[in-house]
Amino acid sequence: MEIKKLFYSWRHPVLLLFGIGLSNIGDWIYLIALNLIVLDMTGSPLAVAALYILKPLATLFTNFWSGTIIDRLNQRNLMVELDMVRAAIIFILPSLSSLWLIYSAVLLINMGSSIFEPASMTYITKLIPSEKRKRFNSFRSLIDSGGFLIGPAIAGLLFILGTPYMAIYVNALTFLGSGFITLLLPQLQDLSLKQNNLLNFSFGLLKKDWNVVRLFTHNYPYVMGIYFLFSLMIVMATALDSLEASFSKEVLTLTDAEYGFLVSIAGLGIAAGAVVNTLFAKKMTTLFLIGLGPVFVSVGYMVYAFSSSFDIAALGFVVLSFSLAFANTGFHTFYQENIPVNVMGRVGSIYGLIEAFFIIIATISIGLTAQLLSIKLAVIVGSFFMLLVTGILCFVTFYFEEKDEEQKFENEIMKVYDK
């Protein structure tokens with residue numbers, strides 16, 4: 001009886017995790033294959049680097065309006081449609097002969113992903129009961145780490161059996177599979193929003209939605225302060241990762257094989273952290289995870305920044321990757337527990353827009369510092385700044401006090417739309 005009860009209570013979360021895992025593996029296959037295709041077409045590392053700018057650029061194009069749609073449509077159906085559209089675009093990628101057409105297609109795929117992420121977060125929050133979210137998020141970290149390890153391995157196997165184009169087609173199939181799995185999940189539509197009809201979609205409606213995000217930030221400054229500080233950590237991690245290959249090759253003078261091994265060590269660190277996190281996350285508070293996890297991620301980057309050999313760099317990678325699983329679990333759980341589900345799409349989209357803007361600025365700044373001064377100095381300065389941000393984040397979480405002002409906030413929302 002207990003086993004049957006456990007099966008029924010976890011059947012939907014397990015399906016969702018399977019869909020997330022399938023999509024995650026596909027993302028890694030797609031990323032590696034696309035890098036090789038563009039490099040083969042152009043022979044230019046700069047052309048490959050441009051692919052990484054397209055993701056935050058896509059967020060800038062979509063997130064100022066996507067939250068309005070996410071909170072008013074059925075999130076499950078939206079997720080399925082986005083999976084199908086992305087699969088269709090990926091299927092035609094190998095037939096594109098122009099680099100600019102490839103960039104345009106990748107931009108559209110990334111725009112779909114920018115909408116999908118806050119939509120899926122809203123749906124997950126509705127589907128998973130509050131008492132299961134931390135465990136679910138720890139399993140999600142485990143699956144994400146599995147994608148980090150399995151995705152590149154599958155991509156390598158596909159390259160041996162065929163070409164990068166074959167890997168692109170397999171990636172399209174993973175999106176189709178993820179979409180069909182999502183169709184098996186319940187719709188869970190919440191009609192508490194009275195503005196479900198998008199026929200009146202206008203700039204005026206967008207302004208009202210932006211005002212709702214402003215009101216939420218004003219009413220819950222500690223929640224959004226923690227959210228923003230964690231986002232800054234992600235911004236700095238993304239900027240530092242853009243110099244990872246250059247730092248390893250030019251500062252540490254690693255061979256291609258040694259660099260590949262270093263990345264594999266990071267993957268094993270993520271997997272180990274995710275396993276430990278899955279076993280013990282329930283015994284740790286959300287604020288403990290989101291407070292200390294990012295600090296140790298920053299410590300790992302600091303060890304890496306000051307490393308002078310493969311062994312020390314590997315130690316830094318292990319520390320940061322191991323800690324990342326705890327940090328992500330803490331953040332996802334904190335997000336789900338403290339942002340009302342009926343405004344989650346708008347809040348996540350607008351703050352995602354801000355994060356994307358900072359990623360572009362930070363990546364360009366750290367790249368210019370590396371170019372004009374030195375790569376090592378750029379990585380050290382970036383790591384110091386991340387440590388400062390995560391130290392403030394840790395301090396703020398210890399003073400965080402949850403306040404129940406949801407009814408007051410709901411009343412203020414109604415005033416916004418009554419105007």
# chains A, B, ... in the order shown; residues from 1 in each chain; ligands from 1
>>> closest_atom_pairs(of="region 224-341 of chain A", to="region 381-393 of chain A", cutoff="8 Å", atoms="only C-alpha atoms", output="JSON lines")
{"residue": "A:Ile226", "atom": "CA", "partner": "A:Leu393", "partner_atom": "CA", "distance": 6.2}
{"residue": "A:Leu229", "atom": "CA", "partner": "A:Leu393", "partner_atom": "CA", "distance": 5.9}
{"residue": "A:Phe230", "atom": "CA", "partner": "A:Leu393", "partner_atom": "CA", "distance": 7.1}
{"residue": "A:Leu232", "atom": "CA", "partner": "A:Val389", "partner_atom": "CA", "distance": 7.1}
{"residue": "A:Met233", "atom": "CA", "partner": "A:Met386", "partner_atom": "CA", "distance": 5.8}
{"residue": "A:Met236", "atom": "CA", "partner": "A:Met386", "partner_atom": "CA", "distance": 6.1}
{"residue": "A:Ala237", "atom": "CA", "partner": "A:Met386", "partner_atom": "CA", "distance": 7.8}
{"residue": "A:Leu240", "atom": "CA", "partner": "A:Gly382", "partner_atom": "CA", "distance": 6.7}
{"residue": "A:Gly291", "atom": "CA", "partner": "A:Leu393", "partner_atom": "CA", "distance": 6.2}
{"residue": "A:Pro294", "atom": "CA", "partner": "A:Thr390", "partner_atom": "CA", "distance": 5.8}
{"residue": "A:Val295", "atom": "CA", "partner": "A:Thr390", "partner_atom": "CA", "distance": 5.2}
{"residue": "A:Ser298", "atom": "CA", "partner": "A:Leu387", "partner_atom": "CA", "distance": 5.1}
{"residue": "A:Val299", "atom": "CA", "partner": "A:Leu387", "partner_atom": "CA", "distance": 6.9}
{"residue": "A:Tyr301", "atom": "CA", "partner": "A:Ser383", "partner_atom": "CA", "distance": 5.8}
{"residue": "A:Met302", "atom": "CA", "partner": "A:Ser383", "partner_atom": "CA", "distance": 5.5}
{"residue": "A:Ala305", "atom": "CA", "partner": "A:Ser383", "partner_atom": "CA", "distance": 6.9}
>>> write_last_selection(atoms="C-alpha atoms", output="PDB file, in the first residue's frame")
ATOM      1  CA  ILE A 226      18.399  37.622  -2.407  1.00  0.00           C
ATOM      2  CA  LEU A 229      22.401  38.772  -5.527  1.00  0.00           C
ATOM      3  CA  PHE A 230      22.142  35.139  -6.651  1.00  0.00           C
ATOM      4  CA  LEU A 232      24.796  38.456  -9.929  1.00  0.00           C
ATOM      5  CA  MET A 233      26.684  35.294  -8.966  1.00  0.00           C
ATOM      6  CA  MET A 236      29.948  36.516 -12.870  1.00  0.00           C
ATOM      7  CA  ALA A 237      30.148  32.737 -13.290  1.00  0.00           C
ATOM      8  CA  LEU A 240      34.395  33.861 -15.948  1.00  0.00           C
ATOM      9  CA  GLY A 291      23.485  31.282   1.691  1.00  0.00           C
ATOM     10  CA  PRO A 294      27.224  30.294  -3.506  1.00  0.00           C
ATOM     11  CA  VAL A 295      30.045  31.248  -1.083  1.00  0.00           C
ATOM     12  CA  SER A 298      33.089  31.591  -5.219  1.00  0.00           C
ATOM     13  CA  VAL A 299      35.832  29.980  -3.125  1.00  0.00           C
ATOM     14  CA  TYR A 301      36.616  30.138  -8.474  1.00  0.00           C
ATOM     15  CA  MET A 302      39.182  31.903  -6.241  1.00  0.00           C
ATOM     16  CA  ALA A 305      41.970  32.037 -10.334  1.00  0.00           C
TER      17      ALA A 305
END
>>> residues_around(residues="region 176-184 of chain A", least_positions_apart="4", cutoff="6 Å", atoms="only C-alpha atoms", output="mmCIF file with C-alpha atoms, in the first residue's frame")
data_model
loop_
_atom_site.group_PDB
_atom_site.id
_atom_site.type_symbol
_atom_site.label_atom_id
_atom_site.label_comp_id
_atom_site.auth_asym_id
_atom_site.auth_seq_id
_atom_site.Cartn_x
_atom_site.Cartn_y
_atom_site.Cartn_z
ATOM 1 C CA GLY A 19 11.401 15.319 -19.616
ATOM 2 C CA VAL A 80 4.686 21.648 -25.317
ATOM 3 C CA ASP A 83 9.323 22.209 -27.471
ATOM 4 C CA MET A 84 7.696 21.456 -30.829
#
>>> residues_around(residues="Thr253 (chain A)", least_positions_apart="5", cutoff="10 Å", atoms="only C-alpha atoms", output="list in words")
Ser246, Phe247, Ser248, Glu258, Tyr259, Ser308, Ser309 and Phe310 of chain A
>>> closest_residue(among="A:Pro164, A:Gly67, A:Gly273, A:Pro340", to="Leu39 (chain A)", atoms="only C-alpha atoms")
A:Pro164
>>> closest_residue(among="A:Ala370, A:Ile265, A:Tyr222, A:Asn338", to="Leu320 (chain A)", atoms="only C-alpha atoms")
A:Ile265
>>> residues_around(residues="Thr174 (chain A)", least_positions_apart="5", cutoff="8 Å", atoms="only C-alpha atoms", output="list in words")
Leu22, Ser23, Ile25 and Gly26 of chain A
>>> write_last_selection(atoms="N, CA and C atoms", output="PDB file, in the first residue's frame")
ATOM      1  N   LEU A  22      15.834  14.660 -20.461  1.00  0.00           N
ATOM      2  CA  LEU A  22      15.937  14.422 -21.904  1.00  0.00           C
ATOM      3  C   LEU A  22      16.310  15.713 -22.625  1.00  0.00           C
ATOM      4  N   SER A  23      15.634  16.796 -22.254  1.00  0.00           N
ATOM      5  CA  SER A  23      15.914  18.095 -22.863  1.00  0.00           C
ATOM      6  C   SER A  23      17.329  18.570 -22.531  1.00  0.00           C
ATOM      7  N   ILE A  25      20.043  16.738 -21.805  1.00  0.00           N
ATOM      8  CA  ILE A  25      21.026  15.971 -22.587  1.00  0.00           C
ATOM      9  C   ILE A  25      21.072  16.501 -24.020  1.00  0.00           C
ATOM     10  N   GLY A  26      19.883  16.767 -24.578  1.00  0.00           N
ATOM     11  CA  GLY A  26      19.805  17.307 -25.930  1.00  0.00           C
ATOM     12  C   GLY A  26      20.496  18.646 -26.069  1.00  0.00           C
TER      13      GLY A  26
END
>>> closest_residue(among="A:Lys282, A:Arg72, A:His12, A:Arg214", to="Phe326 (chain A)", atoms="only C-alpha atoms")
A:Lys282
>>> closest_residue(among="A:Ile359, A:Leu57, A:Ala327, A:Val396", to="Thr286 (chain A)", atoms="only C-alpha atoms")
A:Ala327
>>> residues_around(residues="Val38 (chain A)", least_positions_apart="2", cutoff="9 Å", atoms="only C-alpha atoms", output="ChimeraX atom specification")
/A:33-36,40-45,47-48,51,99,102
>>> closest_residue(among="A:Ala50, A:Val235, A:Ile90, A:Ile69", to="Pro118 (chain A)", atoms="only C-alpha atoms")
A:Ile69
>>> closest_residue(among="A:Phe64, A:Phe91, A:Phe398, A:Phe280", to="Ser114 (chain A)", atoms="only C-alpha atoms")
A:Phe64
>>> residues_around(residues="Asp71 (chain A)", least_positions_apart="3", cutoff="8 Å", atoms="only C-alpha atoms", output="list of chain:residue names")
A:Gly67, A:Thr68, A:Gln75, A:Leu193, A:Asn342, A:Val343, A:Met344, A:Gly345, A:Arg346
>>> write_last_selection(atoms="N, CA and C atoms", output="mmCIF file, in the first residue's frame")
data_model
loop_
_atom_site.group_PDB
_atom_site.id
_atom_site.type_symbol
_atom_site.label_atom_id
_atom_site.label_comp_id
_atom_site.auth_asym_id
_atom_site.auth_seq_id
_atom_site.Cartn_x
_atom_site.Cartn_y
_atom_site.Cartn_z
ATOM 1 N N GLY A 67 6.587 37.452 -19.932
ATOM 2 C CA GLY A 67 5.920 37.194 -18.650
ATOM 3 C C GLY A 67 4.432 37.447 -18.718
ATOM 4 N N THR A 68 4.020 38.442 -19.516
ATOM 5 C CA THR A 68 2.602 38.751 -19.704
ATOM 6 C C THR A 68 1.871 37.558 -20.302
ATOM 7 N N GLN A 75 0.364 26.960 -18.872
ATOM 8 C CA GLN A 75 1.820 26.776 -18.949
ATOM 9 C C GLN A 75 2.213 25.434 -19.561
ATOM 10 N N LEU A 193 -6.049 34.792 -12.299
ATOM 11 C CA LEU A 193 -5.858 36.041 -13.039
ATOM 12 C C LEU A 193 -7.107 36.303 -13.869
ATOM 13 N N ASN A 342 1.042 33.177 -9.274
ATOM 14 C CA ASN A 342 0.280 33.923 -10.278
ATOM 15 C C ASN A 342 1.039 35.113 -10.864
ATOM 16 N N VAL A 343 2.206 35.472 -10.292
ATOM 17 C CA VAL A 343 3.040 36.546 -10.875
ATOM 18 C C VAL A 343 4.436 36.027 -11.213
ATOM 19 N N MET A 344 4.647 34.734 -11.066
ATOM 20 C CA MET A 344 5.978 34.158 -11.222
ATOM 21 C C MET A 344 6.537 34.361 -12.623
ATOM 22 N N GLY A 345 5.687 34.238 -13.641
ATOM 23 C CA GLY A 345 6.146 34.425 -15.009
ATOM 24 C C GLY A 345 6.649 35.831 -15.254
ATOM 25 N N ARG A 346 5.888 36.831 -14.756
ATOM 26 C CA ARG A 346 6.287 38.225 -14.964
ATOM 27 C C ARG A 346 7.538 38.585 -14.170
#
>>> select_by_dssp(residues="region 107-341 of chain A", states="alpha helix (DSSP H)", output="PyMOL selection string")
chain A and resi 107-127+133-161+164-183+203-219+221-241+244-246+256-280+286-305+310-338
>>> atom_distance(atom1="CA of Ser98 (chain A)", atom2="CA of Val85 (chain A)")
20.9 Å
